[in-house]
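Participant: Structure: run-v9.pdb, PDB, C-alpha atoms and all ligand atoms.
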```pdb
ATOM      1  CA  MET V   1     -89.798-127.354 -58.670  1.00  0.00           C
ATOM      2  CA  ILE V   2     -92.206-128.858 -56.168  1.00  0.00           C
ATOM      3  CA  GLU V   3     -90.246-127.332 -53.295  1.00  0.00           C
ATOM      4  CA  GLU V   4     -90.517-123.930 -54.989  1.00  0.00           C
ATOM      5  CA  ARG V   5     -94.258-124.335 -55.312  1.00  0.00           C
ATOM      6  CA  ILE V   6     -94.511-125.286 -51.642  1.00  0.00           C
ATOM      7  CA  LYS V   7     -92.494-122.244 -50.620  1.00  0.00           C
ATOM      8  CA  GLU V   8     -94.638-120.030 -52.818  1.00  0.00           C
ATOM      9  CA  ARG V   9     -97.873-121.402 -51.401  1.00  0.00           C
ATOM     10  CA  PRO V  10     -99.823-118.409 -50.161  1.00  0.00           C
ATOM     11  CA  LYS V  11    -100.354-118.188 -46.420  1.00  0.00           C
ATOM     12  CA  SER V  12    -103.985-118.318 -45.429  1.00  0.00           C
ATOM     13  CA  LYS V  13    -105.826-117.799 -42.198  1.00  0.00           C
ATOM     14  CA  GLY V  14    -106.256-121.554 -42.099  1.00  0.00           C
ATOM     15  CA  ARG V  15    -102.552-122.275 -41.787  1.00  0.00           C
ATOM     16  CA  LEU V  16    -101.282-123.388 -38.394  1.00  0.00           C
ATOM     17  CA  PRO V  17     -97.598-122.640 -37.917  1.00  0.00           C
ATOM     18  CA  THR V  18     -95.941-125.240 -35.712  1.00  0.00           C
ATOM     19  CA  GLU V  19     -92.415-125.872 -34.478  1.00  0.00           C
ATOM     20  CA  GLY V  20     -89.297-126.606 -36.485  1.00  0.00           C
ATOM     21  CA  PHE V  21     -89.454-130.011 -38.131  1.00  0.00           C
ATOM     22  CA  SER V  22     -86.460-131.520 -36.307  1.00  0.00           C
ATOM     23  CA  GLU V  23     -87.675-130.268 -32.945  1.00  0.00           C
ATOM     24  CA  TRP V  24     -91.090-131.808 -33.590  1.00  0.00           C
ATOM     25  CA  LEU V  25     -89.551-135.071 -34.806  1.00  0.00           C
ATOM     26  CA  SER V  26     -87.319-135.536 -31.765  1.00  0.00           C
ATOM     27  CA  GLY V  27     -90.315-134.691 -29.557  1.00  0.00           C
ATOM     28  CA  ILE V  28     -92.636-137.286 -31.038  1.00  0.00           C
ATOM     29  CA  ARG V  29     -89.915-139.961 -30.990  1.00  0.00           C
ATOM     30  CA  LEU V  30     -89.229-139.200 -27.336  1.00  0.00           C
ATOM     31  CA  ALA V  31     -92.957-139.286 -26.554  1.00  0.00           C
ATOM     32  CA  GLN V  32     -93.179-142.740 -28.134  1.00  0.00           C
ATOM     33  CA  LYS V  33     -90.157-144.029 -26.227  1.00  0.00           C
ATOM     34  CA  THR V  34     -91.112-142.680 -22.831  1.00  0.00           C
ATOM     35  CA  GLY V  35     -94.882-142.997 -23.078  1.00  0.00           C
ATOM     36  CA  VAL V  36     -95.423-139.347 -22.228  1.00  0.00           C
ATOM     37  CA  GLY V  37     -98.145-137.599 -24.177  1.00  0.00           C
ATOM     38  CA  ALA V  38     -97.634-135.711 -27.403  1.00  0.00           C
ATOM     39  CA  SER V  39     -97.940-131.973 -27.020  1.00  0.00           C
ATOM     40  CA  VAL V  40    -100.291-130.920 -29.803  1.00  0.00           C
ATOM     41  CA  PRO V  41    -101.772-127.404 -29.780  1.00  0.00           C
ATOM     42  CA  CYS V  42    -105.199-128.753 -30.749  1.00  0.00           C
ATOM     43  CA  GLY V  43    -107.117-125.583 -29.917  1.00  0.00           C
ATOM     44  CA  GLU V  44    -110.807-126.124 -30.603  1.00  0.00           C
ATOM     45  CA  CYS V  45    -110.253-129.206 -32.749  1.00  0.00           C
ATOM     46  CA  ARG V  46    -111.873-132.393 -31.474  1.00  0.00           C
ATOM     47  CA  GLY V  47    -111.031-134.469 -34.525  1.00  0.00           C
ATOM     48  CA  CYS V  48    -109.509-137.371 -32.605  1.00  0.00           C
ATOM     49  CA  CYS V  49    -112.611-137.904 -30.492  1.00  0.00           C
ATOM     50  CA  THR V  50    -115.133-137.579 -33.327  1.00  0.00           C
ATOM     51  CA  SER V  51    -113.549-139.440 -36.249  1.00  0.00           C
ATOM     52  CA  ALA V  52    -114.739-143.020 -35.863  1.00  0.00           C
ATOM     53  CA  TYR V  53    -111.546-144.391 -34.397  1.00  0.00           C
ATOM     54  CA  PHE V  54    -111.319-147.612 -32.473  1.00  0.00           C
ATOM     55  CA  ILE V  55    -109.317-146.656 -29.409  1.00  0.00           C
ATOM     56  CA  HIS V  56    -106.885-149.230 -28.068  1.00  0.00           C
ATOM     57  CA  VAL V  57    -106.387-149.551 -24.303  1.00  0.00           C
ATOM     58  CA  GLY V  58    -103.668-151.833 -22.955  1.00  0.00           C
ATOM     59  CA  PRO V  59    -104.020-154.030 -19.862  1.00  0.00           C
ATOM     60  CA  GLU V  60    -101.426-151.915 -18.005  1.00  0.00           C
ATOM     61  CA  GLU V  61    -103.689-148.827 -18.258  1.00  0.00           C
ATOM     62  CA  LYS V  62    -105.564-149.716 -15.108  1.00  0.00           C
ATOM     63  CA  GLU V  63    -106.670-146.184 -14.198  1.00  0.00           C
ATOM     64  CA  THR V  64    -108.142-145.758 -17.669  1.00  0.00           C
ATOM     65  CA  LEU V  65    -109.827-149.149 -17.754  1.00  0.00           C
ATOM     66  CA  ALA V  66    -111.406-148.462 -14.386  1.00  0.00           C
ATOM     67  CA  ARG V  67    -113.175-145.432 -15.892  1.00  0.00           C
ATOM     68  CA  ILE V  68    -114.477-147.080 -19.061  1.00  0.00           C
ATOM     69  CA  PRO V  69    -117.785-148.932 -18.624  1.00  0.00           C
ATOM     70  CA  ARG V  70    -117.178-152.587 -19.367  1.00  0.00           C
ATOM     71  CA  LYS V  71    -119.921-152.697 -22.017  1.00  0.00           C
ATOM     72  CA  LEU V  72    -118.027-150.067 -24.093  1.00  0.00           C
ATOM     73  CA  ALA V  73    -114.847-152.119 -24.459  1.00  0.00           C
ATOM     74  CA  PHE V  74    -114.305-155.358 -26.344  1.00  0.00           C
ATOM     75  CA  ALA V  75    -111.341-157.668 -26.827  1.00  0.00           C
ATOM     76  CA  ALA V  76    -108.867-156.279 -29.363  1.00  0.00           C
ATOM     77  CA  PRO V  77    -108.600-158.701 -32.303  1.00  0.00           C
ATOM     78  CA  GLY V  78    -105.130-160.183 -32.774  1.00  0.00           C
ATOM     79  CA  LEU V  79    -103.759-158.865 -29.475  1.00  0.00           C
ATOM     80  CA  PRO V  80    -103.148-160.799 -26.239  1.00  0.00           C
ATOM     81  CA  LYS V  81    -105.836-161.105 -23.587  1.00  0.00           C
ATOM     82  CA  GLY V  82    -106.453-157.869 -21.696  1.00  0.00           C
ATOM     83  CA  HIS V  83    -106.032-155.521 -24.661  1.00  0.00           C
ATOM     84  CA  VAL V  84    -109.339-153.889 -25.522  1.00  0.00           C
ATOM     85  CA  LEU V  85    -110.807-151.487 -28.052  1.00  0.00           C
ATOM     86  CA  MET V  86    -113.449-148.838 -27.550  1.00  0.00           C
ATOM     87  CA  GLY V  87    -115.744-148.260 -30.470  1.00  0.00           C
ATOM     88  CA  TYR V  88    -117.748-145.191 -31.453  1.00  0.00           C
ATOM     89  CA  ASP V  89    -121.357-144.135 -31.810  1.00  0.00           C
ATOM     90  CA  GLU V  90    -123.407-143.537 -34.972  1.00  0.00           C
ATOM     91  CA  LYS V  91    -121.848-140.076 -35.349  1.00  0.00           C
ATOM     92  CA  GLY V  92    -118.333-141.498 -35.075  1.00  0.00           C
ATOM     93  CA  HIS V  93    -117.897-140.072 -31.576  1.00  0.00           C
ATOM     94  CA  CYS V  94    -115.963-141.876 -28.866  1.00  0.00           C
ATOM     95  CA  PRO V  95    -118.367-142.949 -26.091  1.00  0.00           C
ATOM     96  CA  MET V  96    -116.235-141.060 -23.546  1.00  0.00           C
ATOM     97  CA  PHE V  97    -116.685-137.814 -25.522  1.00  0.00           C
ATOM     98  CA  ILE V  98    -119.403-136.018 -23.573  1.00  0.00           C
ATOM     99  CA  ASP V  99    -120.430-132.331 -23.713  1.00  0.00           C
ATOM    100  CA  ASN V 100    -117.799-131.633 -26.363  1.00  0.00           C
ATOM    101  CA  LYS V 101    -114.912-132.889 -24.236  1.00  0.00           C
ATOM    102  CA  CYS V 102    -113.249-136.046 -23.013  1.00  0.00           C
ATOM    103  CA  SER V 103    -114.991-137.173 -19.846  1.00  0.00           C
ATOM    104  CA  ILE V 104    -111.902-139.078 -18.681  1.00  0.00           C
ATOM    105  CA  TYR V 105    -109.317-136.569 -19.898  1.00  0.00           C
ATOM    106  CA  ALA V 106    -106.924-136.920 -16.935  1.00  0.00           C
ATOM    107  CA  HIS V 107    -106.983-140.690 -17.456  1.00  0.00           C
ATOM    108  CA  ARG V 108    -107.468-140.872 -21.214  1.00  0.00           C
ATOM    109  CA  PRO V 109    -105.895-143.839 -23.022  1.00  0.00           C
ATOM    110  CA  LYS V 110    -102.254-143.773 -24.077  1.00  0.00           C
ATOM    111  CA  THR V 111    -103.462-143.996 -27.675  1.00  0.00           C
ATOM    112  CA  CYS V 112    -105.166-140.606 -27.256  1.00  0.00           C
ATOM    113  CA  ARG V 113    -102.253-139.030 -25.370  1.00  0.00           C
ATOM    114  CA  GLN V 114     -99.788-139.975 -28.064  1.00  0.00           C
ATOM    115  CA  TYR V 115    -101.846-139.107 -31.126  1.00  0.00           C
ATOM    116  CA  ASP V 116    -100.464-136.233 -33.158  1.00  0.00           C
ATOM    117  CA  CYS V 117    -102.065-135.518 -36.536  1.00  0.00           C
ATOM    118  CA  ARG V 118     -98.867-133.752 -37.668  1.00  0.00           C
ATOM    119  CA  ILE V 119     -97.574-137.223 -38.556  1.00  0.00           C
ATOM    120  CA  PHE V 120     -99.497-136.921 -41.837  1.00  0.00           C
ATOM    121  CA  PRO V 121     -97.876-133.771 -43.225  1.00  0.00           C
ATOM    122  CA  ALA V 122     -94.572-135.065 -41.831  1.00  0.00           C
ATOM    123  CA  THR V 123     -94.712-138.379 -43.710  1.00  0.00           C
ATOM    124  CA  GLY V 124     -96.750-137.266 -46.710  1.00  0.00           C
ATOM    125  CA  LEU V 125     -99.236-140.088 -45.999  1.00  0.00           C
ATOM    126  CA  ALA V 126    -102.964-139.495 -46.421  1.00  0.00           C
ATOM    127  CA  VAL V 127    -105.157-139.764 -43.329  1.00  0.00           C
ATOM    128  CA  GLY V 128    -107.284-142.373 -45.103  1.00  0.00           C
ATOM    129  CA  GLY V 129    -110.817-143.529 -44.357  1.00  0.00           C
ATOM    130  CA  GLU V 130    -113.676-141.165 -43.760  1.00  0.00           C
ATOM    131  CA  LYS V 131    -111.942-138.710 -41.448  1.00  0.00           C
ATOM    132  CA  PRO V 132    -112.526-135.263 -42.953  1.00  0.00           C
ATOM    133  CA  VAL V 133    -111.908-133.361 -39.716  1.00  0.00           C
ATOM    134  CA  ILE V 134    -108.487-134.905 -39.195  1.00  0.00           C
ATOM    135  CA  ALA V 135    -107.648-134.612 -42.891  1.00  0.00           C
ATOM    136  CA  GLY V 136    -108.590-130.914 -42.786  1.00  0.00           C
ATOM    137  CA  GLN V 137    -106.753-130.202 -39.562  1.00  0.00           C
ATOM    138  CA  SER V 138    -103.594-132.103 -40.484  1.00  0.00           C
ATOM    139  CA  GLY V 139    -103.475-130.224 -43.787  1.00  0.00           C
ATOM    140  CA  ARG V 140    -103.242-126.907 -41.964  1.00  0.00           C
ATOM    141  CA  TRP V 141    -100.013-127.550 -40.072  1.00  0.00           C
ATOM    142  CA  GLU V 142     -96.992-125.726 -41.338  1.00  0.00           C
ATOM    143  CA  PHE V 143     -93.614-126.814 -39.993  1.00  0.00           C
ATOM    144  CA  SER V 144     -90.704-124.425 -40.070  1.00  0.00           C
ATOM    145  CA  PHE V 145     -87.281-125.335 -41.415  1.00  0.00           C
ATOM    146  CA  PRO V 146     -84.768-123.121 -39.614  1.00  0.00           C
ATOM    147  CA  ALA V 147     -81.720-125.294 -40.421  1.00  0.00           C
ATOM    148  CA  ALA V 148     -80.575-127.683 -43.131  1.00  0.00           C
ATOM    149  CA  GLN V 149     -81.174-130.572 -40.704  1.00  0.00           C
ATOM    150  CA  ASP V 150     -84.910-129.803 -40.668  1.00  0.00           C
ATOM    151  CA  SER V 151     -85.214-130.244 -44.429  1.00  0.00           C
ATOM    152  CA  GLU V 152     -82.986-133.332 -44.476  1.00  0.00           C
ATOM    153  CA  GLU V 153     -85.018-135.014 -41.774  1.00  0.00           C
ATOM    154  CA  LEU V 154     -88.281-134.223 -43.563  1.00  0.00           C
ATOM    155  CA  ARG V 155     -86.900-135.828 -46.724  1.00  0.00           C
ATOM    156  CA  ALA V 156     -85.736-138.882 -44.752  1.00  0.00           C
ATOM    157  CA  VAL V 157     -89.099-139.353 -43.001  1.00  0.00           C
ATOM    158  CA  ARG V 158     -90.951-139.059 -46.297  1.00  0.00           C
ATOM    159  CA  ALA V 159     -88.534-141.455 -47.992  1.00  0.00           C
ATOM    160  CA  ALA V 160     -89.103-143.978 -45.199  1.00  0.00           C
ATOM    161  CA  ALA V 161     -92.893-143.715 -45.587  1.00  0.00           C
ATOM    162  CA  ALA V 162     -92.667-144.039 -49.384  1.00  0.00           C
ATOM    163  CA  PHE V 163     -90.356-147.070 -49.094  1.00  0.00           C
ATOM    164  CA  LEU V 164     -92.726-148.835 -46.694  1.00  0.00           C
ATOM    165  CA  ASN V 165     -95.570-148.291 -49.150  1.00  0.00           C
ATOM    166  CA  ALA V 166     -93.661-149.312 -52.245  1.00  0.00           C
ATOM    167  CA  TYR V 167     -91.796-152.339 -50.872  1.00  0.00           C
ATOM    168  CA  ALA V 168     -94.007-153.799 -48.157  1.00  0.00           C
ATOM    169  CA  ASP V 169     -93.246-157.228 -49.602  1.00  0.00           C
ATOM    170  CA  LEU V 170     -89.612-156.946 -48.464  1.00  0.00           C
ATOM    171  CA  PHE V 171     -90.705-156.999 -44.818  1.00  0.00           C
ATOM    172  CA  PRO V 172     -92.148-159.797 -42.659  1.00  0.00           C
ATOM    173  CA  ALA V 173     -95.911-160.164 -42.978  1.00  0.00           C
ATOM    174  CA  GLY V 174     -97.713-157.556 -40.894  1.00  0.00           C
ATOM    175  CA  PHE V 175     -94.676-155.312 -40.382  1.00  0.00           C
ATOM    176  CA  VAL V 176     -96.095-152.585 -42.621  1.00  0.00           C
ATOM    177  CA  PRO V 177     -99.466-151.692 -41.101  1.00  0.00           C
ATOM    178  CA  ASN V 178    -102.477-150.990 -43.301  1.00  0.00           C
ATOM    179  CA  ASN V 179    -103.559-148.284 -40.898  1.00  0.00           C
ATOM    180  CA  PRO V 180    -102.031-144.941 -42.076  1.00  0.00           C
ATOM    181  CA  THR V 181    -101.517-143.705 -38.498  1.00  0.00           C
ATOM    182  CA  GLN V 182     -99.521-146.791 -37.566  1.00  0.00           C
ATOM    183  CA  GLN V 183     -97.674-146.736 -40.881  1.00  0.00           C
ATOM    184  CA  ALA V 184     -96.628-143.136 -40.273  1.00  0.00           C
ATOM    185  CA  MET V 185     -95.313-144.096 -36.841  1.00  0.00           C
ATOM    186  CA  VAL V 186     -93.195-146.893 -38.325  1.00  0.00           C
ATOM    187  CA  ALA V 187     -91.699-144.375 -40.782  1.00  0.00           C
ATOM    188  CA  ILE V 188     -90.924-141.997 -37.918  1.00  0.00           C
ATOM    189  CA  LYS V 189     -89.202-144.778 -35.986  1.00  0.00           C
ATOM    190  CA  VAL V 190     -86.988-145.953 -38.856  1.00  0.00           C
ATOM    191  CA  TYR V 191     -86.274-142.718 -40.740  1.00  0.00           C
ATOM    192  CA  PRO V 192     -82.593-142.446 -39.631  1.00  0.00           C
ATOM    193  CA  VAL V 193     -81.824-145.204 -42.142  1.00  0.00           C
ATOM    194  CA  PHE V 194     -82.691-142.771 -44.934  1.00  0.00           C
ATOM    195  CA  LEU V 195     -80.441-140.021 -43.688  1.00  0.00           C
ATOM    196  CA  GLU V 196     -77.613-142.257 -44.871  1.00  0.00           C
ATOM    197  CA  ALA V 197     -79.234-143.774 -47.933  1.00  0.00           C
ATOM    198  CA  ILE V 198     -77.683-142.913 -51.270  1.00  0.00           C
ATOM    199  CA  ALA V 199     -79.935-142.898 -54.324  1.00  0.00           C
ATOM    200  CA  ALA V 200     -78.326-144.156 -57.520  1.00  0.00           C
ATOM    201  CA  PRO V 201     -79.848-144.386 -61.032  1.00  0.00           C
ATOM    202  CA  GLU V 202     -80.745-147.858 -62.244  1.00  0.00           C
ATOM    203  CA  LYS V 203     -79.322-147.764 -65.755  1.00  0.00           C
ATOM    204  CA  SER V 204     -78.306-151.349 -66.501  1.00  0.00           C
ATOM    205  CA  GLU V 205     -79.361-154.902 -65.686  1.00  0.00           C
ATOM    206  CA  ALA V 206     -76.451-155.024 -63.254  1.00  0.00           C
ATOM    207  CA  GLY V 207     -77.620-151.707 -61.898  1.00  0.00           C
ATOM    208  CA  LYS V 208     -81.120-153.091 -61.425  1.00  0.00           C
ATOM    209  CA  ALA V 209     -79.689-156.077 -59.562  1.00  0.00           C
ATOM    210  CA  ASP V 210     -77.663-153.701 -57.441  1.00  0.00           C
ATOM    211  CA  ALA V 211     -80.763-151.626 -56.803  1.00  0.00           C
ATOM    212  CA  ALA V 212     -82.739-154.707 -55.754  1.00  0.00           C
ATOM    213  CA  ALA V 213     -79.963-155.762 -53.388  1.00  0.00           C
ATOM    214  CA  ARG V 214     -79.776-152.227 -52.032  1.00  0.00           C
ATOM    215  CA  ARG V 215     -83.501-152.241 -51.364  1.00  0.00           C
ATOM    216  CA  ARG V 216     -83.197-155.517 -49.459  1.00  0.00           C
ATOM    217  CA  ARG V 217     -80.354-154.051 -47.383  1.00  0.00           C
ATOM    218  CA  THR V 218     -82.428-150.925 -46.766  1.00  0.00           C
ATOM    219  CA  ALA V 219     -85.383-153.037 -45.607  1.00  0.00           C
ATOM    220  CA  ALA V 220     -83.076-155.022 -43.290  1.00  0.00           C
ATOM    221  CA  ALA V 221     -81.655-151.784 -41.866  1.00  0.00           C
ATOM    222  CA  MET V 222     -85.193-150.455 -41.325  1.00  0.00           C
ATOM    223  CA  LEU V 223     -86.167-153.613 -39.462  1.00  0.00           C
ATOM    224  CA  ALA V 224     -83.058-153.313 -37.282  1.00  0.00           C
ATOM    225  CA  ALA V 225     -83.796-149.627 -36.613  1.00  0.00           C
ATOM    226  CA  TYR V 226     -87.364-150.487 -35.647  1.00  0.00           C
ATOM    227  CA  LYS V 227     -86.258-153.217 -33.248  1.00  0.00           C
ATOM    228  CA  GLN V 228     -83.692-150.876 -31.684  1.00  0.00           C
ATOM    229  CA  PHE V 229     -86.358-148.189 -31.220  1.00  0.00           C
ATOM    230  CA  GLU V 230     -88.654-150.684 -29.484  1.00  0.00           C
ATOM    231  CA  ARG V 231     -85.778-151.929 -27.275  1.00  0.00           C
ATOM    232  CA  ASP V 232     -85.014-148.320 -26.260  1.00  0.00           C
ATOM    233  CA  ARG V 233     -88.674-147.854 -25.445  1.00  0.00           C
ATOM    234  CA  ASP V 234     -88.871-150.979 -23.305  1.00  0.00           C
ATOM    235  CA  GLY V 235     -85.497-150.405 -21.656  1.00  0.00           C
TER     236      GLY V 235
HETATM  237  S1  LIG B   1    -106.959-134.063 -35.147  1.00  0.00           S
HETATM  238 FE1  LIG B   1    -104.984-133.164 -34.538  1.00  0.00          FE
HETATM  239  S2  LIG B   1    -105.459-131.116 -33.800  1.00  0.00           S
HETATM  240 FE2  LIG B   1    -107.394-132.268 -33.874  1.00  0.00          FE
HETATM  241  S3  LIG B   1    -107.648-133.101 -31.808  1.00  0.00           S
HETATM  242 FE3  LIG B   1    -106.558-134.641 -33.008  1.00  0.00          FE
HETATM  243  S4  LIG B   1    -104.362-134.266 -32.701  1.00  0.00           S
HETATM  244 FE4  LIG B   1    -105.495-132.453 -32.018  1.00  0.00          FE
HETATM  245  S1  LIG B   2    -110.966-141.390 -24.649  1.00  0.00           S
HETATM  246 FE1  LIG B   2    -111.199-139.193 -24.507  1.00  0.00          FE
HETATM  247  S2  LIG B   2    -109.453-138.347 -25.652  1.00  0.00           S
HETATM  248 FE2  LIG B   2    -109.697-140.478 -26.259  1.00  0.00          FE
HETATM  249  S3  LIG B   2    -110.988-140.440 -28.091  1.00  0.00           S
HETATM  250 FE3  LIG B   2    -112.317-140.776 -26.298  1.00  0.00          FE
HETATM  251  S4  LIG B   2    -113.028-138.741 -25.743  1.00  0.00           S
HETATM  252 FE4  LIG B   2    -111.236-138.455 -27.043  1.00  0.00          FE
END
```
Can the structure from this file be put into structure tokens for me?
Ligand code: SF4
Ligand code: SF4
Facilitator:
Amino acid sequence: MIEERIKERPKSKGRLPTEGFSEWLSGIRLAQKTGVGASVPCGECRGCCTSAYFIHVGPEEKETLARIPRKLAFAAPGLPKGHVLMGYDEKGHCPMFIDNKCSIYAHRPKTCRQYDCRIFPATGLAVGGEKPVIAGQSGRWEFSFPAAQDSEELRAVRAAAAFLNAYADLFPAGFVPNNPTQQAMVAIKVYPVFLEAIAAPEKSEAGKADAAARRRRTAAAMLAAYKQFERDRDG
């Protein structure tokens, strides 16, 4: 029923058609593994630079760090020495956002290169916080679903995001981030687990026990998938 309503949703001038879901998904996973930038057709949107984000810069980003005035960066809480964050001004603008553009665009932080607001419609997660520009922009994207695989992968990504939200207590402390952007990325990294997951009704006490055990196995498989993704990235 919901799918029918989505299909019937009238097209408006505000809609932004984007690539097939599976093509997008493999692209963003590859971008995360290789460190290359995401390819987002942002057009005139400047949401990322004007939405009160703390921008992380790692110690290996020497060209970027060299271009950020020292007084604009501070030690990133909870991360090893050398990791810094850039804050934002009273309007929520990044301090490197000057004359309506990024003043260090060619050397912008990896965080900025890899950001893709399509993660929100992909996972079904809300942008969160006071970020109306990003919420508005991310709500406009419209993936296409040219093959059955596109729809199956969308369902798997959304199931992964929903599972992380519902059963955070099954994971080690801190594994499920509070930050919706980071949470969406975890879902995108572990979604293959849900391509294989089989939903079964929980009708009896034994069934409930089975369901609980299944959830623990699912969480373990998600953790393993996450670790494998990170190994592939580092390798
Ligand atoms: S909010 Fe989305 S469209 Fe806008 S600048 Fe950021 S990534 Fe691009
Ligand atoms: S560093 Fe550049 S791309 Fe990144 S948020 Fe600031 S202005 Fe935008």
Participant: List, as an NGL selection string, every residue that the PyMOL selection byres (((chain V and resi 46-48) around 9) and not hetatm) selects in the file provided.
Facilitator: :V and (42-45 or 49-53 or 93-94 or 100-101 or 112 or 115 or 117 or 131-134 or 137)
Participant: Neighbours of Arg158 of chain V within 10 Å (all atoms listed in the file; same-chain residues fewer than 5 positions away dropped), as a PDB file with C-alpha atoms, in the frame of the given file?
Facilitator:
```pdb
ATOM      1  CA  PHE V 120     -99.497-136.921 -41.837  1.00  0.00           C
ATOM      2  CA  PRO V 121     -97.876-133.771 -43.225  1.00  0.00           C
ATOM      3  CA  ALA V 122     -94.572-135.065 -41.831  1.00  0.00           C
ATOM      4  CA  THR V 123     -94.712-138.379 -43.710  1.00  0.00           C
ATOM      5  CA  GLY V 124     -96.750-137.266 -46.710  1.00  0.00           C
ATOM      6  CA  LEU V 125     -99.236-140.088 -45.999  1.00  0.00           C
ATOM      7  CA  GLU V 152     -82.986-133.332 -44.476  1.00  0.00           C
ATOM      8  CA  GLU V 153     -85.018-135.014 -41.774  1.00  0.00           C
ATOM      9  CA  PHE V 163     -90.356-147.070 -49.094  1.00  0.00           C
ATOM     10  CA  LEU V 164     -92.726-148.835 -46.694  1.00  0.00           C
ATOM     11  CA  ALA V 184     -96.628-143.136 -40.273  1.00  0.00           C
ATOM     12  CA  ALA V 187     -91.699-144.375 -40.782  1.00  0.00           C
ATOM     13  CA  ILE V 188     -90.924-141.997 -37.918  1.00  0.00           C
ATOM     14  CA  TYR V 191     -86.274-142.718 -40.740  1.00  0.00           C
ATOM     15  CA  PHE V 194     -82.691-142.771 -44.934  1.00  0.00           C
TER      16      PHE V 194
END
```
Participant: Work out how far atom CA of Leu223 of chain V is from atom CA of Lys189 of chain V, in Å to one decimal.
Facilitator: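 Straight-line distance from atom CA of Lys189 of chain V to atom CA of Leu223 of chain V works out to 10.0 Å.
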Participant: Go through V:Arg215, V:Lys62, V:Arg113, V:Arg140 and flag the residue nearest Ala31 of chain V, using all atoms listed in the file for the distances.
Facilitator: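 Among the listed residues, V:Arg113 lies closest to Ala31 of chain V.
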Participant: So how many Å separate atom CA of Gly82 of chain V and atom CA of Pro180 of chain V, to one decimal?
Facilitator: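 Atom CA of Pro180 of chain V lies 24.5 Å from atom CA of Gly82 of chain V.
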Participant: Written as a PyMOL selection string, what is the full residue list that the PyMOL selection byres (((chain V and resi 234) around 12) and not hetatm) yields on the file shown?
Facilitator: chain V and resi 32-35+227-233+235
Participant: Which one is closest to Ser103 of chain V: V:Ile55, V:Ile68, V:Ala126, V:Val40? Count only C-alpha atoms.
Facilitator: V:Ile68
Participant: To one decimal place in Å, what is the distance between atom CA of Pro109 of chain V and atom CA of Ala162 of chain V?
Facilitator: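 These two atoms are separated by 29.5 Å.
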Participant: Please determine an axis-aligned box that encloses all atoms of ligand LIG 2 (chain B) listed in the file, with 5 Å added on each side, and express its centre and edge lengths in Å to one decimal as AutoDock Vina command-line options.
Facilitator:
```
--center_x -111.2 --center_y -139.9 --center_z -26.3 --size_x 13.6 --size_y 13.0 --size_z 13.6
```
Participant: Assuming the chain letters and numbering stay as they are in my file, what does the PyMOL selection byres (((chain V and resi 75) around 10) and not hetatm) actually select? List them as an MDAnalysis selection string.
Facilitator: chainID V and resid 56:57 73:74 76:86
Participant: Would you kindly return, as a list in words, each protein, DNA or RNA residue with an atom no farther than 7 Å from any atom of Phe21 of chain V, considering only C-alpha atoms and excluding same-chain residues fewer than 3 positions away?
Facilitator: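 After dropping sequence-adjacent residues, the list is Trp24, Leu25, Phe143, Ser144, Phe145, Asp150 and Leu154 of chain V.
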Participant: Counting only C-alpha atoms, which residue out of V:Ala38, V:Val127, V:Ala159, V:Leu170 sits closest to Ser26 of chain V?
Facilitator: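 Result for the nearest residue to Ser26 of chain V: V:Ala38.
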Participant: Quick one: of V:Arg217, V:Lys110, V:Lys71, V:Lys91, who's nearest to ligand LIG 2 (chain B), counting all atoms listed in the file?
Facilitator: V:Lys110
Participant: Residues at most 12 Å from Ala166 of chain V, counting all atoms listed in the file, excluding those fewer than 5 positions away in the same chain, as a ChimeraX atom specification?
Facilitator: /V:159-161,171,176,215,219
Participant: Which of these, V:Pro41, V:Pro192, V:Gly58, V:Pro146, has the shortest distance to ligand LIG 1 (chain B) once you count only C-alpha atoms and all ligand atoms?
Facilitator: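 Result for the nearest residue to ligand LIG 1 (chain B): V:Pro41.
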Participant: For a quick check of understanding, using only C-alpha atoms and all ligand atoms, which of V:Ser22, V:Thr111, V:Thr64, V:Asn178 has the smallest distance to ligand LIG 1 (chain B)?
Facilitator: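 Using only C-alpha atoms and all ligand atoms, ligand LIG 1 (chain B) sits closest to V:Thr111.
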